[in-house]
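So this one's upload-v2.txt, compact mmCIF, C-alpha atoms:
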```txt
# COMPACT_ATOMS: atom_id res chain seq x y z
CA MET A 1342 69.19 9.73 -29.46
CA GLN A 1343 71.40 8.13 -32.11
CA ASP A 1344 70.21 5.47 -34.55
CA ILE A 1345 71.66 2.01 -34.07
CA ARG A 1346 74.55 1.61 -36.51
CA PRO A 1347 74.96 -1.49 -38.71
CA ASP A 1348 78.53 -1.96 -37.38
CA ASP A 1349 77.15 -2.53 -33.86
CA VAL A 1350 74.67 -5.20 -34.86
CA VAL A 1351 75.07 -8.93 -35.38
CA ALA A 1352 74.42 -10.28 -38.88
CA GLY A 1353 70.91 -10.75 -40.29
CA SER A 1354 69.29 -7.67 -38.82
CA ASP A 1355 65.97 -6.15 -39.74
CA GLU A 1356 65.71 -2.34 -39.89
CA GLN A 1357 62.74 -0.74 -38.12
CA VAL A 1358 61.80 2.81 -37.15
CA LEU A 1359 60.60 3.54 -33.62
CA VAL A 1360 58.35 6.55 -33.11
CA TYR A 1361 58.30 7.81 -29.54
CA HIS A 1362 55.50 9.53 -27.60
CA ASP A 1363 56.97 12.99 -28.31
CA GLY A 1364 56.94 12.38 -32.08
CA SER A 1365 60.70 11.83 -32.37
CA SER A 1366 61.90 8.72 -34.16
CA ARG A 1367 64.90 6.43 -34.23
CA LYS A 1368 66.10 3.81 -36.65
CA VAL A 1369 66.92 0.51 -34.95
CA LEU A 1370 68.29 -2.79 -36.20
CA VAL A 1371 66.74 -5.90 -34.73
CA VAL A 1372 67.86 -9.52 -34.77
CA GLU A 1373 65.98 -12.62 -33.58
CA LYS A 1374 68.44 -13.48 -30.87
CA GLU A 1375 67.54 -13.66 -27.18
CA VAL A 1376 70.18 -13.06 -24.51
CA PRO A 1377 69.37 -14.95 -21.28
CA PHE A 1378 68.77 -13.01 -18.08
CA PRO A 1379 71.81 -13.24 -15.76
CA GLU A 1380 71.03 -15.82 -13.04
CA GLY A 1381 70.66 -14.52 -9.49
CA LYS A 1382 71.10 -10.89 -10.51
CA LEU A 1383 68.95 -7.81 -10.71
CA ILE A 1384 69.20 -5.23 -13.45
CA VAL A 1385 68.86 -1.84 -11.80
CA SER A 1386 68.72 1.66 -13.23
CA ARG A 1387 67.57 5.07 -12.09
CA THR A 1388 66.28 8.02 -14.03
CA ASP A 1389 65.45 11.62 -13.33
CA PRO A 1390 61.75 12.62 -13.34
CA GLN A 1391 61.90 13.04 -17.15
CA GLY A 1392 63.10 9.46 -17.70
CA ILE A 1393 66.75 10.33 -18.40
CA ILE A 1394 69.13 7.63 -17.16
CA THR A 1395 71.25 8.80 -14.22
CA HIS A 1396 72.58 5.48 -12.91
CA GLY A 1397 72.77 1.84 -13.90
CA ASN A 1398 74.31 -1.15 -12.18
CA GLN A 1399 76.82 -3.43 -13.86
CA SER A 1400 74.11 -5.87 -15.03
CA PHE A 1401 72.16 -3.00 -16.60
CA VAL A 1402 75.18 -1.91 -18.59
CA GLU A 1403 76.28 -5.44 -19.57
CA MET A 1404 72.83 -6.57 -20.69
CA SER A 1405 72.23 -3.43 -22.76
CA GLY A 1406 75.38 -3.92 -24.83
CA PHE A 1407 76.13 -0.20 -24.47
CA THR A 1408 78.90 1.30 -22.37
CA GLU A 1409 77.97 3.17 -19.21
CA ASP A 1410 78.98 6.46 -20.86
CA GLU A 1411 76.66 5.74 -23.77
CA LEU A 1412 73.72 5.15 -21.41
CA ILE A 1413 74.01 7.90 -18.81
CA GLY A 1414 72.16 10.99 -19.96
CA GLN A 1415 70.08 9.11 -22.52
CA PRO A 1416 66.29 8.65 -22.34
CA HIS A 1417 65.34 5.30 -20.87
CA ASN A 1418 63.60 4.38 -24.11
CA ILE A 1419 67.04 3.81 -25.65
CA LEU A 1420 66.23 0.19 -24.71
CA ARG A 1421 62.79 0.17 -26.35
CA HIS A 1422 62.20 -2.83 -28.60
CA PRO A 1423 59.86 -2.33 -31.56
CA ASP A 1424 57.84 -5.40 -30.48
CA MET A 1425 56.73 -3.55 -27.34
CA PRO A 1426 53.32 -1.89 -27.68
CA LYS A 1427 53.05 1.79 -26.82
CA ALA A 1428 50.13 0.91 -24.55
CA ALA A 1429 52.46 -0.88 -22.11
CA PHE A 1430 54.51 2.26 -21.55
CA GLN A 1431 51.42 4.43 -21.40
CA GLU A 1432 50.17 2.19 -18.60
CA LEU A 1433 53.56 2.51 -16.87
CA TRP A 1434 53.45 6.31 -16.84
CA ASP A 1435 49.74 6.41 -15.92
CA THR A 1436 50.42 4.11 -12.97
CA LEU A 1437 53.43 6.09 -11.78
CA SER A 1438 51.54 9.36 -12.09
CA ARG A 1439 48.91 7.95 -9.69
CA GLY A 1440 51.73 7.44 -7.18
CA GLU A 1441 51.70 3.67 -7.54
CA LYS A 1442 54.47 1.27 -8.54
CA TRP A 1443 54.26 -0.46 -11.90
CA SER A 1444 55.20 -4.01 -12.82
CA GLY A 1445 55.18 -5.60 -16.23
CA TYR A 1446 57.01 -7.87 -18.65
CA VAL A 1447 59.23 -6.00 -21.07
CA LYS A 1448 61.22 -7.02 -24.13
CA ASN A 1449 64.31 -4.81 -24.21
CA LEU A 1450 66.49 -4.07 -27.22
CA ARG A 1451 70.27 -4.35 -26.95
CA LYS A 1452 72.75 -2.23 -28.83
CA ASP A 1453 73.68 -5.26 -30.96
CA GLY A 1454 70.07 -5.74 -32.07
CA ALA A 1455 69.43 -8.80 -29.87
CA TYR A 1456 66.84 -8.70 -27.08
CA TYR A 1457 66.23 -9.80 -23.48
CA TRP A 1458 63.01 -10.24 -21.54
CA VAL A 1459 62.62 -8.91 -18.01
CA LEU A 1460 60.01 -8.58 -15.32
CA THR A 1461 60.29 -4.89 -14.51
CA THR A 1462 59.07 -2.99 -11.48
CA VAL A 1463 59.35 0.79 -11.38
CA VAL A 1464 58.90 2.96 -8.28
CA ALA A 1465 59.06 6.69 -7.83
CA ASN A 1466 61.93 7.96 -5.66
CA ILE A 1467 60.14 10.27 -3.26
CA ARG A 1468 62.30 12.53 -1.14
CA HIS A 1469 60.78 15.15 1.17
CA GLY A 1470 57.44 14.59 -0.54
CA GLU A 1471 58.73 15.18 -4.09
CA VAL A 1472 59.37 12.77 -6.94
CA VAL A 1473 63.09 13.15 -7.67
CA GLY A 1474 63.34 10.23 -10.08
CA TYR A 1475 62.45 6.62 -10.69
CA THR A 1476 64.12 3.32 -9.86
CA SER A 1477 63.59 0.44 -12.24
CA VAL A 1478 64.46 -3.08 -11.11
CA ARG A 1479 64.31 -6.01 -13.52
CA ARG A 1480 64.35 -9.62 -12.52
CA LYS A 1481 64.22 -12.95 -14.32
CA PRO A 1482 60.78 -13.51 -15.82
CA SER A 1483 58.86 -16.76 -16.10
CA ARG A 1484 58.87 -18.33 -19.59
CA GLN A 1485 55.14 -18.99 -19.27
CA ARG A 1486 54.42 -15.29 -18.65
CA ILE A 1487 56.71 -14.32 -21.55
CA ALA A 1488 54.82 -16.65 -23.90
CA GLU A 1489 51.55 -14.98 -22.85
CA CYS A 1490 53.04 -11.51 -23.32
CA ILE A 1491 54.37 -12.25 -26.81
CA GLU A 1492 50.82 -13.01 -27.92
CA HIS A 1493 49.22 -10.14 -25.99
CA TYR A 1494 51.76 -7.56 -27.19
CA ARG A 1495 51.37 -8.74 -30.79
CA GLU A 1496 47.64 -8.07 -30.55
CA LEU A 1497 48.18 -4.64 -29.00
CA ARG A 1498 50.73 -3.72 -31.66
CA ALA A 1499 48.35 -4.79 -34.42
CA LYS A 1500 45.67 -2.48 -32.99
CA GLU A 1501 48.16 0.39 -32.77
CA LEU A 1502 49.13 -0.02 -36.41
CA VAL A 1503 45.51 0.22 -37.62
CA MET B 1167 69.64 10.65 32.17
CA LYS B 1168 68.06 7.52 30.71
CA PRO B 1169 70.61 5.44 28.77
CA LEU B 1170 70.21 5.14 25.02
CA THR B 1171 69.29 1.72 23.67
CA LEU B 1172 71.19 -0.21 21.01
CA THR B 1173 69.71 -3.29 19.41
CA VAL B 1174 70.82 -5.69 16.71
CA SER B 1175 68.77 -7.39 14.02
CA PRO B 1176 67.90 -10.86 15.42
CA ASP B 1177 69.46 -12.56 12.39
CA PHE B 1178 73.07 -11.99 13.51
CA MET B 1179 75.23 -15.08 13.85
CA PRO B 1180 75.04 -16.50 17.42
CA ASP B 1181 78.88 -16.67 17.48
CA TYR B 1182 78.95 -12.87 17.57
CA ILE B 1183 76.67 -12.16 20.56
CA ALA B 1184 79.67 -11.42 22.80
CA GLY B 1185 81.09 -9.19 20.05
CA TRP B 1186 78.05 -6.92 20.12
CA TYR B 1187 78.38 -6.49 23.90
CA ILE B 1188 82.07 -5.63 23.43
CA PHE B 1189 81.11 -3.17 20.68
CA ASN B 1190 78.56 -1.52 22.95
CA THR B 1191 81.18 -1.00 25.66
CA TRP B 1192 83.66 0.36 23.10
CA LEU B 1193 81.08 2.72 21.60
CA GLN B 1194 80.09 4.13 24.99
CA ARG B 1195 83.73 5.00 25.67
CA GLN B 1196 84.16 6.59 22.25
CA LEU B 1197 81.02 8.74 22.50
CA ASP B 1198 81.01 9.19 26.26
CA VAL B 1199 77.33 8.30 26.47
CA ASN B 1200 75.40 5.59 28.30
CA ILE B 1201 74.12 2.92 25.93
CA HIS B 1202 72.26 -0.19 26.93
CA LEU B 1203 72.30 -3.20 24.56
CA ASP B 1204 68.96 -4.99 24.22
CA LEU B 1205 68.88 -8.13 22.07
CA TYR B 1206 65.62 -9.66 20.87
CA SER B 1207 65.12 -13.29 19.99
CA ASP B 1208 62.90 -12.65 16.98
CA PHE B 1209 61.84 -9.94 14.55
CA ALA B 1210 58.31 -9.60 15.97
CA GLU B 1211 59.64 -8.81 19.44
CA GLN B 1212 62.14 -6.31 18.06
CA ARG B 1213 59.49 -4.57 15.94
CA LYS B 1214 57.31 -4.20 19.05
CA ALA B 1215 60.20 -2.40 20.79
CA ILE B 1216 60.69 -0.16 17.75
CA ALA B 1217 56.96 0.64 17.66
CA GLU B 1218 57.16 1.66 21.33
CA ASP B 1219 60.12 3.98 20.54
CA SER B 1220 62.38 1.92 22.81
CA VAL B 1221 65.28 1.81 20.32
CA ASP B 1222 67.77 4.61 19.63
CA LEU B 1223 70.48 2.85 17.66
CA ILE B 1224 69.96 -0.28 15.58
CA TYR B 1225 71.96 -2.59 13.36
CA ALA B 1226 68.94 -3.12 11.17
CA ASN B 1227 67.89 -5.79 8.76
CA PRO B 1228 67.41 -4.06 5.38
CA PHE B 1229 63.73 -5.02 5.41
CA ASP B 1230 63.16 -3.11 8.66
CA ALA B 1231 65.22 -0.13 7.47
CA ALA B 1232 62.24 1.06 5.41
CA MET B 1233 60.01 1.40 8.43
CA LEU B 1234 62.77 2.87 10.62
CA VAL B 1235 63.76 5.54 8.08
CA ARG B 1236 60.39 6.45 6.63
CA GLU B 1237 58.15 6.10 9.67
CA LYS B 1238 60.43 6.55 12.66
CA GLY B 1239 62.85 9.21 11.40
CA PHE B 1240 66.03 7.13 11.74
CA THR B 1241 69.07 8.22 9.76
CA ALA B 1242 71.75 6.10 8.10
CA ILE B 1243 75.16 5.98 9.76
CA ALA B 1244 77.17 3.10 8.32
CA ALA B 1245 76.98 -0.29 6.66
CA PRO B 1246 79.34 -3.22 7.20
CA LYS B 1247 82.10 -3.34 4.60
CA GLY B 1248 81.83 -6.04 1.93
CA LYS B 1249 78.89 -7.77 3.55
CA PRO B 1250 75.79 -7.52 1.38
CA ASP B 1251 72.77 -9.64 2.29
CA GLU B 1252 72.80 -12.32 -0.38
CA VAL B 1253 70.61 -15.39 -0.47
CA VAL B 1254 71.36 -19.02 -1.28
CA LEU B 1255 68.67 -21.39 -2.51
CA ALA B 1256 69.74 -24.92 -1.62
CA VAL B 1257 68.28 -28.36 -2.25
CA PRO B 1258 69.16 -31.78 -0.81
CA ALA B 1259 72.36 -33.04 -2.47
CA ALA B 1260 70.51 -35.96 -4.04
CA SER B 1261 67.64 -33.86 -5.37
CA SER B 1262 66.79 -34.22 -9.04
CA ILE B 1263 66.10 -30.46 -9.20
CA MET B 1264 68.93 -28.80 -11.15
CA SER B 1265 67.50 -25.33 -11.78
CA VAL B 1266 64.92 -23.00 -10.24
CA GLU B 1267 62.67 -23.53 -13.26
CA GLU B 1268 62.31 -27.21 -12.32
CA LEU B 1269 60.60 -26.33 -9.03
CA SER B 1270 56.87 -26.80 -9.41
CA GLU B 1271 53.62 -25.64 -7.85
CA GLY B 1272 53.12 -26.80 -4.28
CA VAL B 1273 56.88 -26.87 -3.63
CA GLN B 1274 57.78 -27.11 0.04
CA VAL B 1275 60.08 -24.27 1.05
CA MET B 1276 61.94 -24.16 4.36
CA SER B 1277 63.09 -20.84 5.75
CA THR B 1278 63.62 -18.76 8.88
CA ASP B 1279 61.74 -15.60 9.85
CA ASP B 1280 64.46 -13.37 8.28
CA PRO B 1281 62.29 -10.99 6.22
CA VAL B 1282 64.93 -9.94 3.69
CA VAL B 1283 66.02 -13.52 3.00
CA ASN B 1284 62.39 -14.49 2.46
CA LEU B 1285 61.78 -11.50 0.20
CA ILE B 1286 64.82 -12.22 -1.99
CA GLY B 1287 64.23 -16.00 -1.86
CA MET B 1288 60.65 -15.67 -3.09
CA MET B 1289 61.84 -13.28 -5.81
CA MET B 1290 64.39 -15.89 -6.94
CA ILE B 1291 61.75 -18.62 -7.43
CA GLU B 1292 59.36 -16.29 -9.22
CA SER B 1293 60.83 -17.26 -12.60
CA ALA B 1294 59.28 -20.72 -12.01
CA ASP B 1295 55.88 -18.99 -11.60
CA LEU B 1296 56.04 -19.62 -7.87
CA HIS B 1297 54.73 -17.21 -5.25
CA GLY B 1298 53.24 -17.19 -1.77
CA GLU B 1299 49.96 -18.68 -2.89
CA ASN B 1300 51.26 -21.76 -4.69
CA THR B 1301 54.13 -22.69 -2.37
CA GLN B 1302 54.18 -24.16 1.12
CA VAL B 1303 56.59 -22.11 3.20
CA GLN B 1304 57.53 -23.40 6.65
CA MET B 1305 59.61 -21.36 9.06
CA VAL B 1306 62.05 -22.69 11.61
CA ASP B 1307 64.24 -20.94 14.18
CA SER B 1308 67.66 -21.29 12.56
CA TYR B 1309 69.47 -22.04 9.32
CA VAL B 1310 70.81 -25.27 10.84
CA LEU B 1311 67.18 -26.38 11.14
CA VAL B 1312 66.53 -25.33 7.53
CA ALA B 1313 69.46 -27.54 6.48
CA LYS B 1314 68.25 -30.41 8.66
CA ALA B 1315 64.76 -30.23 7.16
CA LEU B 1316 66.28 -30.44 3.69
CA PHE B 1317 68.41 -33.49 4.22
CA GLN B 1318 65.56 -35.17 6.11
CA GLU B 1319 63.51 -34.47 2.97
CA GLN B 1320 60.89 -32.44 4.81
CA ALA B 1321 61.33 -29.69 2.20
CA GLU B 1322 62.48 -29.47 -1.39
CA VAL B 1323 64.25 -26.13 -1.25
CA GLY B 1324 65.63 -23.94 1.54
CA PHE B 1325 66.31 -20.21 1.76
CA PHE B 1326 69.57 -19.28 3.49
CA LEU B 1327 71.39 -16.05 4.21
CA GLU B 1328 74.57 -16.69 2.21
CA GLU B 1329 76.83 -16.06 5.18
CA ALA B 1330 74.83 -18.54 7.28
CA TYR B 1331 75.00 -21.14 4.53
CA HIS B 1332 78.77 -20.87 4.31
CA ASN B 1333 79.03 -21.12 8.10
CA LEU B 1334 77.27 -24.50 8.13
CA SER B 1335 79.61 -27.39 8.91
CA ALA B 1336 81.30 -29.18 6.03
CA PHE B 1337 79.29 -32.29 6.89
CA VAL B 1338 75.96 -30.45 6.67
CA LYS B 1339 76.94 -28.69 3.44
CA SER B 1340 77.98 -32.02 1.92
CA GLN B 1341 74.35 -33.09 2.14
CA LEU B 1342 73.09 -29.98 0.35
CA ARG B 1343 73.56 -28.45 -3.09
CA VAL B 1344 73.39 -24.76 -4.03
CA LEU B 1345 70.71 -24.23 -6.64
CA LEU B 1346 71.19 -20.50 -7.03
CA SER B 1347 72.95 -17.63 -5.22
CA SER B 1348 71.79 -14.05 -5.45
CA GLN B 1349 74.24 -11.36 -6.59
CA ILE B 1350 72.35 -8.20 -5.73
CA HIS B 1351 75.24 -6.39 -3.97
CA VAL B 1352 73.32 -3.34 -2.69
CA VAL B 1353 71.01 -4.85 -0.07
CA THR B 1354 72.80 -4.71 3.26
CA HIS B 1355 72.26 -4.42 6.98
CA VAL B 1356 72.72 -0.85 8.08
CA LEU B 1357 73.38 0.92 11.35
CA LEU B 1358 70.67 3.52 11.87
CA ALA B 1359 70.35 6.18 14.57
CA GLY B 1360 67.07 7.44 15.94
CA PRO B 1361 66.08 11.05 16.62
CA ALA B 1362 67.60 10.96 20.15
CA LEU B 1363 71.04 10.60 18.54
CA ALA B 1364 70.55 13.22 15.82
CA GLU B 1365 73.13 15.58 17.32
CA ARG B 1366 75.74 12.83 17.57
CA HIS B 1367 75.24 11.59 13.98
CA ASP B 1368 78.59 12.90 12.70
CA ASP B 1369 80.55 11.72 15.77
CA LEU B 1370 79.00 8.28 15.49
CA GLN B 1371 79.73 7.98 11.77
CA HIS B 1372 83.28 9.24 12.24
CA CYS B 1373 84.11 6.73 14.94
CA LEU B 1374 82.62 3.79 13.02
CA VAL B 1375 84.24 4.62 9.69
CA ASN B 1376 87.59 5.07 11.45
CA MET B 1377 87.11 2.14 13.81
CA LEU B 1378 90.09 0.20 12.45
CA GLU B 1379 92.44 3.03 13.40
CA LEU B 1380 90.90 3.74 16.79
CA GLU B 1381 92.14 2.08 19.98
CA LYS B 1382 90.93 -1.55 20.22
CA GLY B 1383 88.70 -0.98 17.19
CA LYS B 1384 90.18 -3.76 15.08
CA GLY B 1385 89.72 -6.39 17.80
CA VAL B 1386 86.15 -5.27 18.46
CA LEU B 1387 85.31 -5.54 14.76
CA GLU B 1388 86.79 -9.04 14.62
CA SER B 1389 84.67 -10.09 17.59
CA MET B 1390 81.57 -9.02 15.60
CA GLY B 1391 82.67 -10.80 12.43
CA LEU B 1392 83.07 -7.51 10.55
CA SER B 1393 86.03 -6.13 8.61
CA GLY B 1394 85.01 -2.49 9.00
CA TRP B 1395 82.26 0.01 8.40
CA GLN B 1396 81.64 2.23 5.39
CA ALA B 1397 79.72 5.48 5.66
CA GLN B 1398 76.14 5.11 4.51
CA THR B 1399 74.41 8.23 3.29
CA GLN B 1400 70.71 8.72 3.77
CA GLU B 1401 70.34 8.50 -0.02
CA ASP B 1402 72.20 5.13 -0.07
CA THR B 1403 69.61 3.82 2.35
CA GLU B 1404 66.67 5.45 0.57
CA PHE B 1405 67.87 3.82 -2.67
CA MET B 1406 68.04 0.42 -0.98
CA ILE B 1407 64.53 0.92 0.40
CA ASP B 1408 63.20 1.86 -3.05
CA LEU B 1409 64.89 -1.20 -4.53
CA MET B 1410 63.36 -3.52 -1.94
CA ASP B 1411 59.98 -1.90 -2.53
CA THR B 1412 60.17 -3.13 -6.12
CA LEU B 1413 60.69 -6.70 -4.89
CA SER B 1414 57.82 -6.81 -2.44
```
What is this file in structure tokens?
Amino acid sequence: MQDIRPDDVVAGSDEQVLVYHDGSSRKVLVVEKEVPFPEGKLIVSRTDPQGIITHGNQSFVEMSGFTEDELIGQPHNILRHPDMPKAAFQELWDTLSRGEKWSGYVKNLRKDGAYYWVLTTVVANIRHGEVVGYTSVRRKPSRQRIAECIEHYRELRAKELV
Amino acid sequence: MKPLTLTVSPDFMPDYIAGWYIFNTWLQRQLDVNIHLDLYSDFAEQRKAIAEDSVDLIYANPFDAAMLVREKGFTAIAAPKGKPDEVVLAVPAASSIMSVEELSEGVQVMSTDDPVVNLIGMMMIESADLHGENTQVQMVDSYVLVAKALFQEQAEVGFFLEEAYHNLSAFVKSQLRVLLSSQIHVVTHVLLAGPALAERHDDLQHCLVNMLELEKGKGVLESMGLSGWQAQTQEDTEFMIDLMDTLS
């Protein structure tokens, strides 16, 4: 996955390095700018069983700031924001591996370094008894829940950095 | 041979009842099979018929499609063109509520028994931290009654199928205000065929997708309030079911 380039990012960005579960890393540029969730819409994407994006609806593409071509074929963690604790995603994969659906509040990173909060639910796509991929649907989150998550995720991140 | 049974999701517009009978007659001629049309007045009654395996062909509400496909072995044939199931949240015109986030705990919601409208409607008020346990949801028999309850101030917000909202009279709509409309696009009613029609799946899909070109097809579609059918693959329907699973 490519690093975020300075040309793509709005002014005043902060450079951070994300380290993923497989040990790979990516340089991202982050700005303190929230993009509001599109009213009345759902952000929908699908991945293969390995978490590679195979499909995204128009809202998914628009909110990410990437083009559709830039997203398809990329790992879903292309949207990972450095403020998200690893524990949240570990819980996601643990829940899915038990055959259950997962819901949680997620701060996503846009290509331009800004962010957007979502309430995400992920389900396995089971066809003929086999998991053939995952569908992720994001809807508008409550500001109260976001405020709670900001605090909670900060604590989790602090523990992870120790 | 026992005739096959066609049924229609009870949330269709009353203006189109005759259209579904005309469609049934047209379809029997196209397929050269005996089909009996059974209409149910509510979802509970229709689900009972489905549970008893008394339905072979159904224009299904997307909410019921999950059960029909995954538990009863129905397969997807076609979906109406350009007619997704979208939801309108409306408030009385004079209401001080200007956004979903201004709705508060204990809000009185008026709705019908349409399961997909209720699912999407509840999802749309979730951003105000509202859910089944901190709202008072009352159900009435029709969207006209939902509208009436709103302008009589018996409820603060109403859930409408978008098509039903736009079919309300201008006078009724003038007393309401749209708070939010969904733009989900992929949740739609779908025509599903049961195992008894498995061998006719391709014939059925072909005649629906080409209905506009077939004899009398255009007029029949108009009588049902539809502009045409588009082929629906099983995966299209499975995807819609997965998506709705995330909302429930």
Expressed in Å to a single decimal, how great is the separation between CA of Gly1353 (chain A) and CA of Pro1423 (chain A)?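 Straight-line distance from CA of Gly1353 (chain A) to CA of Pro1423 (chain A) works out to 16.4 Å.
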Contacts of region 1177-1179 of chain B at 12 Å or less, counting only C-alpha atoms, minus same-chain residues fewer than 5 places along, as number ranges by chain? B: 1184-1186, 1205-1209, 1212, 1225-1230, 1251, 1278-1283, 1307-1310, 1326-1334, 1355, 1389-1392
Exercise answer, chain B residues close to chain A, 7 Å and all atoms listed in the file, as a count of residues only: 13
Suppose you want the space between CA of Lys1500 (chain A) and CA of Pro1426 (chain A); what is it in Å?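 Atom-to-atom, CA of Lys1500 (chain A) and CA of Pro1426 (chain A) are spaced 9.3 Å apart.
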How would you write as a PyMOL selection string the residues that get within 8 Å of (63.6, -3.6, -35.4) in the file's frame, counting only C-alpha atoms? chain A and resi 1354-1359+1368-1372+1422-1424+1454
Point out the residue among A:His1396, A:Gly1474, A:Asp1363, A:Leu1450 with the least atom-to-atom distance to Gln1415 (chain A), counting all atoms listed in the file. A:His1396
I'd like the box whose edges run along x, y and z of the file and which contains every listed atom of region 1364-1368 of chain B, padded by 5 Å per side; could you state its centre and edge lengths in Å, one decimal, as lines of an AutoDock Vina configuration file?
```
center_x = 74.6
center_y = 13.6
center_z = 15.1
size_x = 18.0
size_y = 14.0
size_z = 14.9
```
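You will find CA of Ile1413 (chain A) at 27.2 Å from CA of Lys1247 (chain B).
All residues that come within 9 Å of the coordinates (62.3, 1.7, 0.3), counting all atoms listed in the file, are given as Asn1466 of chain A; Phe1229, Ala1231, Ala1232, Met1233, Val1235, Arg1236, Thr1403, Glu1404, Phe1405, Met1406, Ile1407, Asp1408, Leu1409, Met1410, Asp1411 and Thr1412 of chain B.
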Within 9 Å of Lys1374 (chain A), counting all atoms listed in the file, which residues qualify if same-chain residues fewer than 5 places away don't, as a list in words? Gly1454, Ala1455, Tyr1456 and Tyr1457 of chain A
Please identify all polymer residues within 8 Å of His1417 (chain A), counting all atoms listed in the file, omitting same-chain residues fewer than 2 positions from it, and present them as a VMD selection string. chain A and resid 1388 1392 to 1394 1415 1419 to 1421
Fix up region 1238-1256 of chain B with N, CA and C atoms, then write it as a PDB file, keeping the file's coordinate frame.
```pdb
ATOM      1  N   LYS B1238      59.919   6.232  11.328  1.00  0.00           N
ATOM      2  CA  LYS B1238      60.430   6.550  12.660  1.00  0.00           C
ATOM      3  C   LYS B1238      61.535   7.605  12.653  1.00  0.00           C
ATOM      4  N   GLY B1239      61.869   8.115  11.481  1.00  0.00           N
ATOM      5  CA  GLY B1239      62.850   9.210  11.400  1.00  0.00           C
ATOM      6  C   GLY B1239      64.275   8.822  11.702  1.00  0.00           C
ATOM      7  N   PHE B1240      64.638   7.541  11.519  1.00  0.00           N
ATOM      8  CA  PHE B1240      66.030   7.130  11.740  1.00  0.00           C
ATOM      9  C   PHE B1240      66.885   7.591  10.553  1.00  0.00           C
ATOM     10  N   THR B1241      68.164   7.821  10.838  1.00  0.00           N
ATOM     11  CA  THR B1241      69.070   8.220   9.760  1.00  0.00           C
ATOM     12  C   THR B1241      70.199   7.190   9.620  1.00  0.00           C
ATOM     13  N   ALA B1242      70.719   7.090   8.402  1.00  0.00           N
ATOM     14  CA  ALA B1242      71.750   6.100   8.100  1.00  0.00           C
ATOM     15  C   ALA B1242      73.100   6.558   8.612  1.00  0.00           C
ATOM     16  N   ILE B1243      73.813   5.662   9.267  1.00  0.00           N
ATOM     17  CA  ILE B1243      75.160   5.980   9.760  1.00  0.00           C
ATOM     18  C   ILE B1243      76.216   5.227   8.957  1.00  0.00           C
ATOM     19  N   ALA B1244      76.123   3.909   8.975  1.00  0.00           N
ATOM     20  CA  ALA B1244      77.170   3.100   8.320  1.00  0.00           C
ATOM     21  C   ALA B1244      76.635   1.721   7.984  1.00  0.00           C
ATOM     22  N   ALA B1245      77.308   1.093   7.021  1.00  0.00           N
ATOM     23  CA  ALA B1245      76.980  -0.290   6.660  1.00  0.00           C
ATOM     24  C   ALA B1245      78.254  -1.117   6.783  1.00  0.00           C
ATOM     25  N   PRO B1246      78.124  -2.399   7.087  1.00  0.00           N
ATOM     26  CA  PRO B1246      79.340  -3.220   7.200  1.00  0.00           C
ATOM     27  C   PRO B1246      80.020  -3.334   5.846  1.00  0.00           C
ATOM     28  N   LYS B1247      81.351  -3.272   5.858  1.00  0.00           N
ATOM     29  CA  LYS B1247      82.100  -3.340   4.600  1.00  0.00           C
ATOM     30  C   LYS B1247      82.034  -4.729   3.991  1.00  0.00           C
ATOM     31  N   GLY B1248      81.770  -4.769   2.675  1.00  0.00           N
ATOM     32  CA  GLY B1248      81.830  -6.040   1.930  1.00  0.00           C
ATOM     33  C   GLY B1248      80.939  -7.128   2.477  1.00  0.00           C
ATOM     34  N   LYS B1249      79.760  -6.759   2.950  1.00  0.00           N
ATOM     35  CA  LYS B1249      78.890  -7.770   3.550  1.00  0.00           C
ATOM     36  C   LYS B1249      77.434  -7.582   3.119  1.00  0.00           C
ATOM     37  N   PRO B1250      77.183  -7.651   1.804  1.00  0.00           N
ATOM     38  CA  PRO B1250      75.790  -7.520   1.380  1.00  0.00           C
ATOM     39  C   PRO B1250      74.970  -8.726   1.823  1.00  0.00           C
ATOM     40  N   ASP B1251      73.664  -8.532   1.940  1.00  0.00           N
ATOM     41  CA  ASP B1251      72.770  -9.640   2.290  1.00  0.00           C
ATOM     42  C   ASP B1251      72.421 -10.392   1.016  1.00  0.00           C
ATOM     43  N   GLU B1252      73.112 -11.501   0.784  1.00  0.00           N
ATOM     44  CA  GLU B1252      72.800 -12.320  -0.380  1.00  0.00           C
ATOM     45  C   GLU B1252      72.128 -13.607   0.089  1.00  0.00           C
ATOM     46  N   VAL B1253      71.409 -14.227  -0.824  1.00  0.00           N
ATOM     47  CA  VAL B1253      70.610 -15.390  -0.470  1.00  0.00           C
ATOM     48  C   VAL B1253      71.031 -16.613  -1.283  1.00  0.00           C
ATOM     49  N   VAL B1254      71.072 -17.746  -0.605  1.00  0.00           N
ATOM     50  CA  VAL B1254      71.360 -19.020  -1.280  1.00  0.00           C
ATOM     51  C   VAL B1254      70.087 -19.863  -1.265  1.00  0.00           C
ATOM     52  N   LEU B1255      69.721 -20.372  -2.432  1.00  0.00           N
ATOM     53  CA  LEU B1255      68.670 -21.390  -2.510  1.00  0.00           C
ATOM     54  C   LEU B1255      69.387 -22.724  -2.578  1.00  0.00           C
ATOM     55  N   ALA B1256      69.066 -23.614  -1.633  1.00  0.00           N
ATOM     56  CA  ALA B1256      69.740 -24.920  -1.620  1.00  0.00           C
ATOM     57  C   ALA B1256      68.706 -26.043  -1.627  1.00  0.00           C
TER      58      ALA B1256
END
```
